[in-house]
Amino acid sequence: MILDKEQLRANLDEVIWNIEEARITVSEHHIVKLVTVTKYTELENIQTLYELGQRAFGENQVQQLKERMTELEELPLEWHMIGTLQKNKINNLIDLRPALMQSLDSIELAQELNKKLEAKEAKMNCLLQINAAKEESKSGVSAEEAIDIYQEIRENCPNINLKGVMTIGAHSEDTKLIQQSFETTHSIYEKLGKEGATVCSMGMSGDYRLAIKCGSNLVRIGSALFK
Ligand SMILES: *Cc1c(COP(=O)(O)O)cnc(C)c1O
């Protein structure tokens, strides 16, 4: 559905207001970045959001990311990859030079990505995805192994610049469970401060206020904007 500018402006204002309200409960110095997730929406809406001042966008498939980056290459947008990366798409993603690859979800993928980055003499900013709620349907490393894996990637994958962690909140009606998954991820993020982690990406349309209160400094929001 292509939304008119006033509708998108109202939706964006509401999201930004909610982010503001949540972040101020953490600290007035706690800054939160908004990445708008456009995987289910039309190109026109991305353009309109750009006109409204939004710059950071996320896609979960390499092919769609590529199409949109190409179609909108005139605009100074910042693109994030937020979905599972298939090994046979690694080279395509490298060529797109995303600002941040948020879904590095295993040591094997890191090794493979690093090898291909080396071959292309390229680097990539990445987040380590954590499956904090231990859900079978989700990818990501376990909370228990996250710190070791993070350190291992830092030591053995010099072409990957690890910037922090990403998680998807527990898929549950139970707010306590969702909160737990955010708290688990945030405590890992804090321990990784000495490893240089600066990004804690948590929170989507249904749970971003809670995620921010648990310390998220990057939210990924789609459906709340395109209604
Ligand atoms: C789709 C998606 C989002 C945005 O989800 P909404 O609920 O539409 O806000 C955020 N993060 C990831 C990894 C996604 O795949």
# chains A, B, ... in the order shown; residues from 1 in each chain; ligands from 1
call {"tool": "residues_around", "arguments": {"residues": "stretch 89-105 of chain A", "least_positions_apart": "6", "cutoff": "7 Å", "atoms": "only C-alpha atoms", "output": "number ranges by chain"}}
result
A: 62, 66, 78-83, 113, 116-117, 125-129, 139-141, 166
call {"tool": "residues_near_ligand", "arguments": {"ligand": "ligand 1", "cutoff": "6 Å", "atoms": "only C-alpha atoms and all ligand atoms", "output": "PyMOL selection string"}}
result
chain A and resi 37+60+82-83+204-206+220-223
call {"tool": "write_last_selection", "arguments": {"atoms": "all heavy atoms", "output": "compact mmCIF listing (two decimals), in the first residue's frame"}}
result
# COMPACT_ATOMS: atom_id res chain seq x y z
N VAL A 37 12.38 -0.47 8.65
CA VAL A 37 12.45 -1.74 7.94
C VAL A 37 11.41 -1.74 6.82
O VAL A 37 10.22 -1.63 7.07
CB VAL A 37 12.22 -2.92 8.91
CG1 VAL A 37 12.19 -4.24 8.15
CG2 VAL A 37 13.32 -2.94 9.96
N ASN A 60 15.69 -7.47 4.64
CA ASN A 60 16.12 -8.77 5.15
C ASN A 60 16.52 -9.76 4.05
O ASN A 60 16.82 -10.90 4.35
CB ASN A 60 15.05 -9.37 6.08
CG ASN A 60 13.80 -9.80 5.33
OD1 ASN A 60 13.56 -9.31 4.23
ND2 ASN A 60 13.03 -10.69 5.92
N ILE A 82 19.35 -7.00 7.61
CA ILE A 82 18.88 -7.48 8.92
C ILE A 82 18.37 -8.92 8.89
O ILE A 82 17.89 -9.42 9.90
CB ILE A 82 17.74 -6.57 9.47
CG1 ILE A 82 16.54 -6.57 8.53
CG2 ILE A 82 18.24 -5.14 9.71
CD1 ILE A 82 15.28 -6.01 9.17
N GLY A 83 18.48 -9.59 7.74
CA GLY A 83 17.95 -10.96 7.66
C GLY A 83 19.03 -12.01 7.52
O GLY A 83 20.20 -11.70 7.29
N MET A 204 11.37 -4.09 17.82
CA MET A 204 10.63 -3.98 16.56
C MET A 204 9.30 -3.30 16.90
O MET A 204 9.10 -2.86 18.02
CB MET A 204 10.43 -5.36 15.95
CG MET A 204 11.67 -6.22 16.07
SD MET A 204 11.84 -7.79 15.18
CE MET A 204 10.23 -8.25 14.65
N SER A 205 8.38 -3.26 15.93
CA SER A 205 7.14 -2.50 16.14
C SER A 205 6.42 -2.84 17.45
O SER A 205 5.92 -1.96 18.13
CB SER A 205 6.19 -2.70 14.97
OG SER A 205 6.74 -2.10 13.82
N GLY A 206 6.38 -4.13 17.78
CA GLY A 206 5.59 -4.54 18.94
C GLY A 206 6.27 -4.36 20.28
O GLY A 206 5.61 -4.42 21.33
N ARG A 220 14.58 -1.41 15.10
CA ARG A 220 14.29 -1.75 13.69
C ARG A 220 12.78 -1.81 13.54
O ARG A 220 12.14 -2.74 14.03
CB ARG A 220 14.91 -3.12 13.36
CG ARG A 220 16.37 -3.26 13.79
CD ARG A 220 16.85 -4.69 13.56
NE ARG A 220 16.00 -5.69 14.17
CZ ARG A 220 16.16 -6.17 15.40
NH1 ARG A 220 17.14 -5.78 16.17
NH2 ARG A 220 15.30 -7.07 15.88
N ILE A 221 12.21 -0.84 12.89
CA ILE A 221 10.75 -0.71 12.89
C ILE A 221 10.15 -0.70 11.49
O ILE A 221 10.56 0.11 10.64
CB ILE A 221 10.34 0.53 13.69
CG1 ILE A 221 10.81 0.33 15.15
CG2 ILE A 221 8.83 0.74 13.62
CD1 ILE A 221 10.44 1.42 16.08
N GLY A 222 9.22 -1.62 11.27
CA GLY A 222 8.54 -1.71 9.98
C GLY A 222 7.06 -1.40 10.11
O GLY A 222 6.60 -0.29 9.88
N SER A 223 6.28 -2.42 10.50
CA SER A 223 4.81 -2.33 10.40
C SER A 223 4.20 -1.13 11.11
O SER A 223 3.18 -0.60 10.66
CB SER A 223 4.18 -3.64 10.91
OG SER A 223 4.75 -4.03 12.11
call {"tool": "closest_residue", "arguments": {"among": "A:Asp13, A:Glu6, A:Glu44, A:Glu183", "to": "A:Ile168", "atoms": "only C-alpha atoms"}}
result
A:Glu183
call {"tool": "select_by_dssp", "arguments": {"residues": "stretch 50-131 of chain A", "states": "helix (DSSP H, G or I)", "output": "ChimeraX atom specification"}}
result
/A:50-51,62-71,87-96,107-119
call {"tool": "write_last_selection", "arguments": {"atoms": "N, CA, C and O atoms", "output": "tab-separated table (two decimals), in the first residue's frame"}}
result
chain	number	residue	atom	x	y	z
A	50	TYR	N	12.23	9.33	3.21
A	50	TYR	CA	13.45	10.12	2.99
A	50	TYR	C	13.12	11.62	3.01
A	50	TYR	O	13.80	12.41	3.66
A	51	GLU	N	12.03	11.99	2.31
A	51	GLU	CA	11.63	13.40	2.29
A	51	GLU	C	11.27	13.89	3.69
A	51	GLU	O	11.42	15.08	3.99
A	62	VAL	N	18.96	-10.15	0.45
A	62	VAL	CA	20.01	-9.51	-0.36
A	62	VAL	C	19.45	-9.02	-1.69
A	62	VAL	O	19.76	-7.92	-2.13
A	63	GLN	N	18.57	-9.85	-2.31
A	63	GLN	CA	18.06	-9.47	-3.63
A	63	GLN	C	17.24	-8.18	-3.58
A	63	GLN	O	17.44	-7.27	-4.38
A	64	GLN	N	16.35	-8.09	-2.61
A	64	GLN	CA	15.54	-6.87	-2.50
A	64	GLN	C	16.38	-5.67	-2.07
A	64	GLN	O	16.17	-4.54	-2.53
A	65	LEU	N	17.35	-5.93	-1.22
A	65	LEU	CA	18.27	-4.86	-0.82
A	65	LEU	C	18.95	-4.28	-2.05
A	65	LEU	O	19.04	-3.07	-2.24
A	66	LYS	N	19.41	-5.18	-2.90
A	66	LYS	CA	20.11	-4.76	-4.12
A	66	LYS	C	19.21	-3.93	-5.03
A	66	LYS	O	19.60	-2.86	-5.52
A	67	GLU	N	17.99	-4.41	-5.25
A	67	GLU	CA	17.06	-3.68	-6.12
A	67	GLU	C	16.80	-2.28	-5.60
A	67	GLU	O	16.82	-1.30	-6.34
A	68	ARG	N	16.58	-2.18	-4.31
A	68	ARG	CA	16.23	-0.88	-3.73
A	68	ARG	C	17.41	0.07	-3.67
A	68	ARG	O	17.28	1.27	-3.92
A	69	MET	N	18.58	-0.48	-3.36
A	69	MET	CA	19.78	0.37	-3.36
A	69	MET	C	20.01	0.92	-4.76
A	69	MET	O	20.40	2.08	-4.93
A	70	THR	N	19.77	0.08	-5.75
A	70	THR	CA	19.98	0.51	-7.14
A	70	THR	C	18.96	1.57	-7.54
A	70	THR	O	19.31	2.63	-8.07
A	71	GLU	N	17.67	1.29	-7.25
A	71	GLU	CA	16.63	2.21	-7.65
A	71	GLU	C	16.72	3.56	-6.94
A	71	GLU	O	16.30	4.58	-7.47
A	87	LYS	N	24.79	-18.45	2.42
A	87	LYS	CA	26.20	-18.43	2.03
A	87	LYS	C	26.39	-18.06	0.56
A	87	LYS	O	27.35	-17.39	0.19
A	88	ASN	N	25.44	-18.50	-0.28
A	88	ASN	CA	25.61	-18.20	-1.72
A	88	ASN	C	25.28	-16.75	-2.08
A	88	ASN	O	25.39	-16.36	-3.23
A	89	LYS	N	24.89	-15.96	-1.08
A	89	LYS	CA	24.60	-14.53	-1.33
A	89	LYS	C	25.68	-13.62	-0.75
A	89	LYS	O	25.58	-12.40	-0.84
A	90	ILE	N	26.70	-14.22	-0.14
A	90	ILE	CA	27.70	-13.41	0.56
A	90	ILE	C	28.38	-12.43	-0.39
A	90	ILE	O	28.50	-11.23	-0.09
A	91	ASN	N	28.81	-12.92	-1.55
A	91	ASN	CA	29.52	-12.02	-2.47
A	91	ASN	C	28.64	-10.87	-2.94
A	91	ASN	O	29.11	-9.74	-3.06
A	92	ASN	N	27.35	-11.17	-3.19
A	92	ASN	CA	26.43	-10.10	-3.59
A	92	ASN	C	26.32	-9.04	-2.50
A	92	ASN	O	26.33	-7.84	-2.78
A	93	LEU	N	26.24	-9.50	-1.26
A	93	LEU	CA	26.10	-8.54	-0.16
A	93	LEU	C	27.37	-7.68	-0.03
A	93	LEU	O	27.28	-6.46	0.16
A	94	ILE	N	28.52	-8.30	-0.17
A	94	ILE	CA	29.78	-7.54	-0.06
A	94	ILE	C	29.81	-6.43	-1.10
A	94	ILE	O	30.17	-5.29	-0.80
A	95	ASP	N	29.37	-6.75	-2.32
A	95	ASP	CA	29.40	-5.76	-3.40
A	95	ASP	C	28.46	-4.58	-3.12
A	95	ASP	O	28.66	-3.48	-3.63
A	96	LEU	N	27.43	-4.82	-2.31
A	96	LEU	CA	26.48	-3.75	-2.00
A	96	LEU	C	27.00	-2.79	-0.93
A	96	LEU	O	26.46	-1.71	-0.74
A	107	ILE	N	29.48	-18.72	13.86
A	107	ILE	CA	30.92	-18.63	13.64
A	107	ILE	C	31.24	-19.08	12.20
A	107	ILE	O	32.11	-18.52	11.54
A	108	GLU	N	30.48	-20.06	11.71
A	108	GLU	CA	30.72	-20.56	10.34
A	108	GLU	C	30.45	-19.46	9.31
A	108	GLU	O	31.23	-19.28	8.37
A	109	LEU	N	29.35	-18.73	9.50
A	109	LEU	CA	29.05	-17.64	8.58
A	109	LEU	C	30.14	-16.57	8.66
A	109	LEU	O	30.57	-16.03	7.64
A	110	ALA	N	30.60	-16.29	9.86
A	110	ALA	CA	31.65	-15.27	10.03
A	110	ALA	C	32.91	-15.67	9.27
A	110	ALA	O	33.52	-14.85	8.58
A	111	GLN	N	33.29	-16.94	9.38
A	111	GLN	CA	34.50	-17.42	8.70
A	111	GLN	C	34.37	-17.32	7.19
A	111	GLN	O	35.28	-16.89	6.49
A	112	GLU	N	33.21	-17.72	6.72
A	112	GLU	CA	32.94	-17.68	5.28
A	112	GLU	C	32.91	-16.23	4.76
A	112	GLU	O	33.49	-15.92	3.72
A	113	LEU	N	32.24	-15.38	5.51
A	113	LEU	CA	32.16	-13.97	5.15
A	113	LEU	C	33.55	-13.35	5.15
A	113	LEU	O	33.94	-12.62	4.23
A	114	ASN	N	34.33	-13.67	6.18
A	114	ASN	CA	35.67	-13.09	6.28
A	114	ASN	C	36.55	-13.50	5.10
A	114	ASN	O	37.27	-12.67	4.53
A	115	LYS	N	36.44	-14.77	4.72
A	115	LYS	CA	37.22	-15.28	3.59
A	115	LYS	C	36.89	-14.51	2.31
A	115	LYS	O	37.78	-14.09	1.56
A	116	LYS	N	35.61	-14.30	2.09
A	116	LYS	CA	35.19	-13.62	0.87
A	116	LYS	C	35.49	-12.13	0.91
A	116	LYS	O	35.77	-11.52	-0.12
A	117	LEU	N	35.44	-11.55	2.10
A	117	LEU	CA	35.83	-10.14	2.25
A	117	LEU	C	37.31	-9.97	1.92
A	117	LEU	O	37.72	-9.05	1.22
A	118	GLU	N	38.11	-10.90	2.45
A	118	GLU	CA	39.56	-10.87	2.21
A	118	GLU	C	39.86	-10.90	0.72
A	118	GLU	O	40.66	-10.13	0.20
A	119	ALA	N	39.17	-11.83	0.02
A	119	ALA	CA	39.40	-12.00	-1.42
A	119	ALA	C	39.06	-10.73	-2.19
A	119	ALA	O	39.67	-10.44	-3.22
call {"tool": "atom_distance", "arguments": {"atom1": "atom CA of A:Leu72", "atom2": "atom CA of A:Arg9"}}
result
20.0 Å
call {"tool": "residues_around", "arguments": {"residues": "A:Ala22", "least_positions_apart": "5", "cutoff": "7 Å", "atoms": "only C-alpha atoms", "output": "list of chain:residue names"}}
result
A:Arg209, A:Ile212, A:Lys213
call {"tool": "atom_distance", "arguments": {"atom1": "atom CA of A:Lys33", "atom2": "atom CA of A:Tyr189"}}
result
16.2 Å
call {"tool": "atom_distance", "arguments": {"atom1": "atom CA of A:Val15", "atom2": "atom CA of A:Pro76"}}
result
22.2 Å
call {"tool": "residues_around", "arguments": {"residues": "A:Leu177", "least_positions_apart": "5", "cutoff": "8 Å", "atoms": "only C-alpha atoms", "output": "list in words"}}
result
Ala133, Ala170 and Ser172 of chain A
call {"tool": "closest_residue", "arguments": {"among": "A:Arg154, A:Lys123, A:His186, A:His29", "to": "A:Ser216", "atoms": "only C-alpha atoms"}}
result
A:His186
call {"tool": "closest_residue", "arguments": {"among": "A:Tyr150, A:Tyr208, A:Phe226, A:Trp17", "to": "A:Met1", "atoms": "only C-alpha atoms"}}
result
A:Phe226
